[in-house]
Amino acid sequence: MSTHPTVLDVTDRIRERSQGPRSAYLRRLAEIRNRDRGSDRMGCANVAHAVAGIPANDKFKVVTERAPNIGIVTAYNDMLSAHAPYQGYPDIIKQEARSLGATAQVAGGVPAMCDGVTQGTPGMELSLFSRDVIAMGTAIALTHDMFDGALLLGVCDKIVPGLLIGALHFGHLPTVFVPAGPMPSGLSNNEKSKVREQAAQGLVGRQGLLDAEMAAYHTMGTCTFYGTANSNQMLLEAMGLHVPGTAFIQPGDAMRETLTREAVRTVLGRAGEAKFSCPPIGEMVDERCIVNAMVALLATGGSTNHLIHWVAVARSAGIVIDWDDFSRLSDVIPLLTRVYPNGSADVNAFQAAGGPGFVIGELLDAGLMHADVLTVRAGGIREFANIPSLAQDKRLAWTSAAPSKDEAVARPVENPFSATGGLKLLNGNLGRSVIKVSSVPDDRHVIEAPARVFDSQAALHQAFTAGELERDVVCVVRWQGPQANGMPELHKLTPPLSVLQGKGFRVALVTDGRMSGASGKVPAAIHVSPEAAAGGPLAKVRDGDVVRLDAVAGTLAVLVPDDEWAEREIAELPEAQRIADSHGLGRELFAGMRRNALTAEEGACSWL
Ligand SMILES: O=C(O)[C@H](O)[C@@H](O)[C@H](O)[C@H](O)COP(=O)(O)O
Ligand code: SF4
């Protein structure tokens, strides 16, 4: 099947736009690839320090036998249910490496923030920039420079993008991500959201809400909604950076450890029978690989956060993408899955229906993904259209993930949930923004109503509680961009806005902040750029201005006469609030990142 012309055209535009930075990146990669191995190249003291802490046999392998040495970067901590399983992974990896005549060392750890723990709290204002801290942490780990390959242990929101950004600055290394899988399903996401809306109306008390939340988030593993974490997993499969089909195998599954061991074999080029050298990640992640990730995001209604993170990831490989690229692809990429918040199923149901392998197989067969790409496996991206199982002899076997086992959750390209992807670019006199329409009811794709302007999410909650929002209203929440307060997710606004929508009011959110990948059914124009704190147009909106959000036409505008709009003065964030928004609980430490942050459409990169 030939590749779709729009997919080819978008890829060509990206390749052309990226020519300068991409060729410079590949030049640097070629230079560093020609070096001797670390234990031959580095000073004797450097090498002695690097191996002082490892067992004698491993020292011998690294220094004398010159066996491959893998650097492990781990995001283990007990705060993310998704990362808690990683505690024992390094020992399994070291053991498997030894069995293959190689060695492995924990090169370093990186921090990981659980957005569920910090959602709605000041900590969420560190969330976006924690991605760049994770990237720097990955660089600190790999800069020990004694490695012939890397294994990256991370699943959640900013951790995978941060690890990937960091690893791409060591693009000469073969690199494989190692997931730990989703938790078994507890209270369903729909049930949990219902209890939240009841609590927002005072119909359920704290204990009732806490019981529901703990029944939903009840054990180790990634949360089961299709948010940013599970979108990460889908994109890593589509980029060929995983063991095929490993993403959504649960931590307690008998296959889990075998898949971790297979990741060691894969990065060492021992996957399967074919002798295959796993390519350096900087060569693998090219324009086609990035476009494949964008296509997979759109085909599954993935997290809007990836409209920021994958721009930063691409930049790290010398590749420049923007929201027009996403928007053009979205016009031709069908929506193939309905996983919460885009439906009621969770990722366990998605896996049972065929999971990432089914989606990748469908997209490849329809020519909507590039098939001619490098991956960490000898069989290329086609291997990722399969689903793994344990054979009788406890070895891994892969079988085709097609056909879908549940067309209420995952559908073939010839019968999609929607002919276009779940994300839409909005332009107009309020700036550029994006909206995820895949989880918004069709009759809410166009909202025109008077604005109510808020300088914080707390102010919106207060107005809701005071009953001031019982009407058609476009809630404009500004000063939430990267430079203002670190661009937090405003996911806590979902319950009150959902209650208003449920009462029949026509409501929408417009913000220069972000939403969670788990946000959904309320129309929200987010990532508005330029942000208010950079003099963006949201700073000119006043209560009562009529705002029109039109996700069909792709427009976001305030309906004020042009001459009056041009004359409008730009509001200033009250100084007391600016201080309050950026001080306390460590937020001062991120002042430099806020100052340096590029726009959301430029990936909010704080290092470029
Ligand atoms: O982008 C995301 O997917 C979210 O940041 C997610 O990781 C976060 O944990 C949500 O806050 C969870 O949703 P609840 O807050 O509704 O539990
Ligand atoms: S999915 Fe979100 S809430 Fe769940 S563990 Fe990851 S960061 Fe935390």
# chains A, B, ... in the order shown; residues from 1 in each chain; ligands from 1

$ select_by_dssp --residues "segment 297-405 of chain A" --states "strand (DSSP E or B)" --output "ChimeraX atom specification"
/A:335,337,339,345,386-390,396-400

$ write_last_selection --atoms "N, CA and C atoms" --output "JSON list (two decimals), in the first residue's frame"
[["chain", "number", "residue", "atom", "x", "y", "z"],
["A", 335, "LEU", "N", -10.16, 8.41, 13.39],
["A", 335, "LEU", "CA", -10.15, 8.06, 14.81],
["A", 335, "LEU", "C", -10.53, 6.59, 14.94],
["A", 337, "THR", "N", -9.99, 4.56, 17.84],
["A", 337, "THR", "CA", -10.23, 3.99, 19.18],
["A", 337, "THR", "C", -11.16, 4.91, 19.98],
["A", 339, "VAL", "N", -11.25, 5.26, 23.83],
["A", 339, "VAL", "CA", -10.75, 4.89, 25.16],
["A", 339, "VAL", "C", -10.88, 6.15, 26.03],
["A", 345, "ALA", "N", -14.35, 2.85, 27.59],
["A", 345, "ALA", "CA", -13.39, 1.76, 27.79],
["A", 345, "ALA", "C", -12.09, 2.31, 28.39],
["A", 386, "ASN", "N", 1.85, -6.56, 16.01],
["A", 386, "ASN", "CA", 1.59, -7.84, 16.67],
["A", 386, "ASN", "C", 1.36, -7.67, 18.17],
["A", 387, "ILE", "N", 0.93, -8.74, 18.76],
["A", 387, "ILE", "CA", 0.65, -8.76, 20.20],
["A", 387, "ILE", "C", 1.43, -9.94, 20.80],
["A", 388, "PRO", "N", 2.11, -9.75, 21.92],
["A", 388, "PRO", "CA", 2.96, -10.81, 22.47],
["A", 388, "PRO", "C", 2.17, -11.78, 23.35],
["A", 389, "SER", "N", 2.68, -12.99, 23.46],
["A", 389, "SER", "CA", 2.13, -13.96, 24.42],
["A", 389, "SER", "C", 3.28, -14.87, 24.85],
["A", 390, "LEU", "N", 3.04, -15.63, 25.90],
["A", 390, "LEU", "CA", 4.06, -16.57, 26.37],
["A", 390, "LEU", "C", 3.73, -17.95, 25.83],
["A", 396, "LEU", "N", 8.71, -15.79, 24.45],
["A", 396, "LEU", "CA", 7.75, -14.85, 23.86],
["A", 396, "LEU", "C", 7.41, -15.27, 22.44],
["A", 397, "ALA", "N", 6.14, -15.12, 22.11],
["A", 397, "ALA", "CA", 5.72, -15.34, 20.72],
["A", 397, "ALA", "C", 4.82, -14.18, 20.36],
["A", 398, "TRP", "N", 4.85, -13.78, 19.09],
["A", 398, "TRP", "CA", 4.01, -12.67, 18.65],
["A", 398, "TRP", "C", 3.05, -13.15, 17.57],
["A", 399, "THR", "N", 1.81, -12.69, 17.69],
["A", 399, "THR", "CA", 0.82, -13.00, 16.64],
["A", 399, "THR", "C", 0.16, -11.70, 16.23],
["A", 400, "SER", "N", -0.42, -11.73, 15.03],
["A", 400, "SER", "CA", -1.05, -10.51, 14.53],
["A", 400, "SER", "C", -2.14, -10.04, 15.50]]

$ residues_near_ligand --ligand "ligand 1" --cutoff "6 Å" --atoms "only C-alpha atoms and all ligand atoms" --output "PDB file with N, CA and C atoms, in the first residue's frame"
ATOM      1  N   ASP A 115       1.228  13.610  38.151  1.00  0.00           N
ATOM      2  CA  ASP A 115       0.293  14.723  37.933  1.00  0.00           C
ATOM      3  C   ASP A 115      -1.030  14.507  38.649  1.00  0.00           C
ATOM      4  N   GLY A 116      -1.310  13.257  38.962  1.00  0.00           N
ATOM      5  CA  GLY A 116      -2.551  12.999  39.701  1.00  0.00           C
ATOM      6  C   GLY A 116      -2.419  13.478  41.128  1.00  0.00           C
ATOM      7  N   GLN A 119      -2.289  17.468  40.751  1.00  0.00           N
ATOM      8  CA  GLN A 119      -3.369  18.142  39.995  1.00  0.00           C
ATOM      9  C   GLN A 119      -4.120  19.134  40.905  1.00  0.00           C
ATOM     10  N   ASP A 157       3.524  10.982  32.088  1.00  0.00           N
ATOM     11  CA  ASP A 157       3.354  12.229  31.345  1.00  0.00           C
ATOM     12  C   ASP A 157       4.606  12.875  30.826  1.00  0.00           C
ATOM     13  N   GLY A 227      -4.703   8.885  29.018  1.00  0.00           N
ATOM     14  CA  GLY A 227      -4.196  10.241  29.228  1.00  0.00           C
ATOM     15  C   GLY A 227      -2.802  10.357  28.622  1.00  0.00           C
ATOM     16  N   THR A 228      -1.998  11.210  29.183  1.00  0.00           N
ATOM     17  CA  THR A 228      -0.676  11.454  28.597  1.00  0.00           C
ATOM     18  C   THR A 228       0.235  10.253  28.764  1.00  0.00           C
ATOM     19  N   ALA A 229       0.151   9.592  29.918  1.00  0.00           N
ATOM     20  CA  ALA A 229       1.030   8.437  30.166  1.00  0.00           C
ATOM     21  C   ALA A 229       0.769   7.336  29.153  1.00  0.00           C
ATOM     22  N   SER A 516      -5.378  18.126  31.217  1.00  0.00           N
ATOM     23  CA  SER A 516      -4.816  16.795  31.366  1.00  0.00           C
ATOM     24  C   SER A 516      -5.186  15.969  30.136  1.00  0.00           C
ATOM     25  N   GLY A 517      -4.394  14.936  29.892  1.00  0.00           N
ATOM     26  CA  GLY A 517      -4.771  14.023  28.811  1.00  0.00           C
ATOM     27  C   GLY A 517      -6.065  13.316  29.164  1.00  0.00           C
ATOM     28  N   ALA A 518      -6.412  13.372  30.469  1.00  0.00           N
ATOM     29  CA  ALA A 518      -7.641  12.689  30.917  1.00  0.00           C
ATOM     30  C   ALA A 518      -8.836  13.630  30.839  1.00  0.00           C
TER      31      ALA A 518
END

$ closest_residue --among "A:Met284, A:Cys44, A:Ala212, A:Ala84" --to "ligand 2" --atoms "only C-alpha atoms and all ligand atoms"
A:Ala84

$ residues_around --residues "Ala451 of chain A" --least-positions-apart "2" --cutoff "10 Å" --atoms "only C-alpha atoms" --output "PyMOL selection string"
chain A and resi 448-449+453-454+472-476+507-510+541-548+558

$ closest_residue --among "A:Met515, A:Leu589, A:Leu168, A:Leu203" --to "Arg28 of chain A" --atoms "only C-alpha atoms"
A:Leu168

$ residues_near_ligand --ligand "ligand 2" --cutoff "8 Å" --atoms "only C-alpha atoms and all ligand atoms" --output "list in words"
Met79, Leu80, Ser81, Ala82, His83, Met113, Cys114, Asp115, Gly116, Val117, Val155, Cys156, Asp157, Tyr217, Gly221, Thr222, Cys223, Thr224, Phe225, Gly227, Thr228, Ala229 and Asn230 of chain A

$ select_by_dssp --residues "segment 380-518 of chain A" --states "alpha helix (DSSP H)" --output "ChimeraX atom specification"
/A:457-465,482-485,494-502

$ write_last_selection --atoms "C-alpha atoms" --output "PDB file, in the first residue's frame"
ATOM      1  CA  GLN A 457      -8.463  28.444  38.398  1.00  0.00           C
ATOM      2  CA  ALA A 458      -9.339  29.073  42.061  1.00  0.00           C
ATOM      3  CA  ALA A 459     -11.347  32.146  41.018  1.00  0.00           C
ATOM      4  CA  LEU A 460     -13.396  30.024  38.630  1.00  0.00           C
ATOM      5  CA  HIS A 461     -14.111  27.476  41.375  1.00  0.00           C
ATOM      6  CA  GLN A 462     -15.260  30.309  43.665  1.00  0.00           C
ATOM      7  CA  ALA A 463     -17.574  31.726  40.994  1.00  0.00           C
ATOM      8  CA  PHE A 464     -19.015  28.259  40.354  1.00  0.00           C
ATOM      9  CA  THR A 465     -19.617  27.631  44.050  1.00  0.00           C
ATOM     10  CA  PRO A 482       4.754  28.651  30.509  1.00  0.00           C
ATOM     11  CA  GLN A 483       6.198  32.097  31.323  1.00  0.00           C
ATOM     12  CA  ALA A 484       3.435  33.005  33.788  1.00  0.00           C
ATOM     13  CA  ASN A 485       3.346  30.045  36.187  1.00  0.00           C
ATOM     14  CA  THR A 494     -13.492  19.632  34.431  1.00  0.00           C
ATOM     15  CA  PRO A 495     -16.026  18.676  37.181  1.00  0.00           C
ATOM     16  CA  PRO A 496     -17.617  22.157  37.629  1.00  0.00           C
ATOM     17  CA  LEU A 497     -17.681  22.847  33.876  1.00  0.00           C
ATOM     18  CA  SER A 498     -19.124  19.352  33.271  1.00  0.00           C
ATOM     19  CA  VAL A 499     -21.876  20.084  35.820  1.00  0.00           C
ATOM     20  CA  LEU A 500     -22.784  23.299  33.973  1.00  0.00           C
ATOM     21  CA  GLN A 501     -22.743  21.477  30.629  1.00  0.00           C
ATOM     22  CA  GLY A 502     -24.858  18.720  32.149  1.00  0.00           C
TER      23      GLY A 502
END

$ closest_atom_pairs --of "segment 219-304 of chain A" --to "segment 319-322 of chain A" --cutoff "9 Å" --atoms "only C-alpha atoms" --output "CSV"
residue,atom,partner,partner_atom,distance
A:Asp286,CA,A:Ile319,CA,7.5
A:Glu287,CA,A:Ile319,CA,6.7
A:Ile290,CA,A:Ile319,CA,8.5

$ write_last_selection --atoms "N, CA and C atoms" --output "compact mmCIF listing (two decimals), in the first residue's frame"
# COMPACT_ATOMS: atom_id res chain seq x y z
N ASP A 286 13.78 9.82 13.01
CA ASP A 286 13.90 10.78 11.91
C ASP A 286 12.52 11.36 11.62
N GLU A 287 12.37 12.10 10.52
CA GLU A 287 11.09 12.78 10.24
C GLU A 287 9.95 11.77 10.10
N ILE A 290 8.88 10.52 13.57
CA ILE A 290 8.11 11.54 14.29
C ILE A 290 6.70 11.63 13.71

$ closest_atom_pairs --of "segment 480-568 of chain A" --to "segment 174-190 of chain A" --cutoff "12 Å" --atoms "only C-alpha atoms" --output "JSON lines"
{"residue": "A:Ala518", "atom": "CA", "partner": "A:Asn189", "partner_atom": "CA", "distance": 9.5}
{"residue": "A:Ser519", "atom": "CA", "partner": "A:Asn189", "partner_atom": "CA", "distance": 11.3}
{"residue": "A:Gly520", "atom": "CA", "partner": "A:Asn190", "partner_atom": "CA", "distance": 11.4}
{"residue": "A:Lys521", "atom": "CA", "partner": "A:Asn190", "partner_atom": "CA", "distance": 11.4}

$ write_last_selection --atoms "C-alpha atoms" --output "PDB file, in the first residue's frame"
ATOM      1  CA  ALA A 518      -7.641  12.689  30.917  1.00  0.00           C
ATOM      2  CA  SER A 519      -9.702  15.854  30.335  1.00  0.00           C
ATOM      3  CA  GLY A 520     -12.480  15.515  27.881  1.00  0.00           C
ATOM      4  CA  LYS A 521     -16.106  16.331  27.379  1.00  0.00           C
TER       5      LYS A 521
END

$ atom_distance --atom1 "atom CA of Gly467 of chain A" --atom2 "atom CA of Val204 of chain A"
18.0 Å

$ closest_residue --among "A:Met124, A:Leu538, A:Ile526, A:Ala247" --to "Gly486 of chain A" --atoms "only C-alpha atoms"
A:Met124

$ residues_around --residues "Val291 of chain A" --least-positions-apart "3" --cutoff "10 Å" --atoms "only C-alpha atoms" --output "list in words"
Val7, Leu8, Val10, Thr11, Ile14, Ala238, Met239, Val285, Asp286, Glu287, Arg288, Met294, Val295, Ala296, Leu297, Ala314, Ile321, Asp325, Phe326, Leu329, Leu368, Met369 and His370 of chain A

$ residues_around --residues "Gly603 of chain A" --least-positions-apart "3" --cutoff "6 Å" --atoms "only C-alpha atoms" --output "list in words"
Ile308, His309, Val311, Ala312 and Ala600 of chain A

$ residues_around --residues "Trp607 of chain A" --least-positions-apart "6" --cutoff "10 Å" --atoms "only C-alpha atoms" --output "PyMOL selection string"
chain A and resi 132+136+312+593+596-598

$ closest_residue --among "A:Ala557, A:Ala539, A:Ala466, A:Leu164" --to "Glu569 of chain A" --atoms "only C-alpha atoms"
A:Ala539

$ closest_residue --among "A:Gly88, A:Gly584, A:Pro244, A:Pro412" --to "Leu259 of chain A" --atoms "only C-alpha atoms"
A:Pro244

$ closest_residue --among "A:Met234, A:Tyr226, A:Ser606, A:Cys289" --to "Arg338 of chain A" --atoms "only C-alpha atoms"
A:Tyr226

$ decode --residues "segment 195-265 of chain A" --atoms "C-alpha atoms" --output "tab-separated table (two decimals), in the first residue's frame"
chain	number	residue	atom	x	y	z
A	195	VAL	CA	-18.94	10.78	41.79
A	196	ARG	CA	-16.72	13.84	41.22
A	197	GLU	CA	-19.58	15.78	39.65
A	198	GLN	CA	-21.85	14.78	42.55
A	199	ALA	CA	-19.19	16.00	44.97
A	200	ALA	CA	-18.85	19.28	43.03
A	201	GLN	CA	-22.59	19.78	43.65
A	202	GLY	CA	-22.31	18.89	47.31
A	203	LEU	CA	-24.24	15.65	46.83
A	204	VAL	CA	-21.34	13.44	47.98
A	205	GLY	CA	-19.10	14.18	50.97
A	206	ARG	CA	-15.30	13.87	51.23
A	207	GLN	CA	-15.37	10.26	52.45
A	208	GLY	CA	-17.59	9.17	49.58
A	209	LEU	CA	-15.35	10.89	47.07
A	210	LEU	CA	-12.19	9.48	48.64
A	211	ASP	CA	-13.63	5.95	48.58
A	212	ALA	CA	-14.41	6.31	44.88
A	213	GLU	CA	-10.99	7.75	44.01
A	214	MET	CA	-9.19	4.97	45.89
A	215	ALA	CA	-11.34	2.35	44.19
A	216	ALA	CA	-10.28	3.80	40.84
A	217	TYR	CA	-6.58	4.23	41.64
A	218	HIS	CA	-6.15	1.08	43.66
A	219	THR	CA	-2.75	-0.56	42.99
A	220	MET	CA	0.57	-0.47	41.12
A	221	GLY	CA	0.55	0.28	37.41
A	222	THR	CA	-0.41	3.16	35.17
A	223	CYS	CA	-3.86	4.68	35.61
A	224	THR	CA	-6.21	3.14	33.09
A	225	PHE	CA	-7.53	6.25	31.29
A	226	TYR	CA	-6.01	7.18	27.94
A	227	GLY	CA	-4.20	10.24	29.23
A	228	THR	CA	-0.68	11.45	28.60
A	229	ALA	CA	1.03	8.44	30.17
A	230	ASN	CA	-0.80	5.88	28.06
A	231	SER	CA	-0.54	8.12	25.00
A	232	ASN	CA	3.24	8.00	25.60
A	233	GLN	CA	3.09	4.22	25.44
A	234	MET	CA	1.12	4.25	22.18
A	235	LEU	CA	3.61	6.69	20.63
A	236	LEU	CA	6.64	4.67	21.72
A	237	GLU	CA	5.14	1.60	20.06
A	238	ALA	CA	4.44	3.60	16.88
A	239	MET	CA	8.04	4.89	16.91
A	240	GLY	CA	9.41	1.38	17.36
A	241	LEU	CA	11.17	2.23	20.63
A	242	HIS	CA	9.64	-0.59	22.67
A	243	VAL	CA	9.64	-4.37	22.56
A	244	PRO	CA	6.61	-4.87	20.27
A	245	GLY	CA	3.32	-4.93	22.19
A	246	THR	CA	4.90	-4.44	25.62
A	247	ALA	CA	3.03	-1.20	26.44
A	248	PHE	CA	-0.15	-2.45	28.07
A	249	ILE	CA	0.87	-5.76	29.68
A	250	GLN	CA	0.08	-5.37	33.37
A	251	PRO	CA	2.80	-5.37	36.10
A	252	GLY	CA	1.47	-8.63	37.56
A	253	ASP	CA	1.26	-10.45	34.24
A	254	ALA	CA	3.53	-13.52	33.87
A	255	MET	CA	4.85	-11.95	30.64
A	256	ARG	CA	6.01	-8.72	32.26
A	257	GLU	CA	9.46	-9.84	33.41
A	258	THR	CA	10.05	-11.72	30.17
A	259	LEU	CA	9.31	-8.54	28.24
A	260	THR	CA	11.80	-6.64	30.43
A	261	ARG	CA	14.43	-9.26	29.69
A	262	GLU	CA	13.53	-9.03	25.99
A	263	ALA	CA	14.26	-5.28	26.16
A	264	VAL	CA	17.82	-6.14	27.24
A	265	ARG	CA	18.18	-8.57	24.34
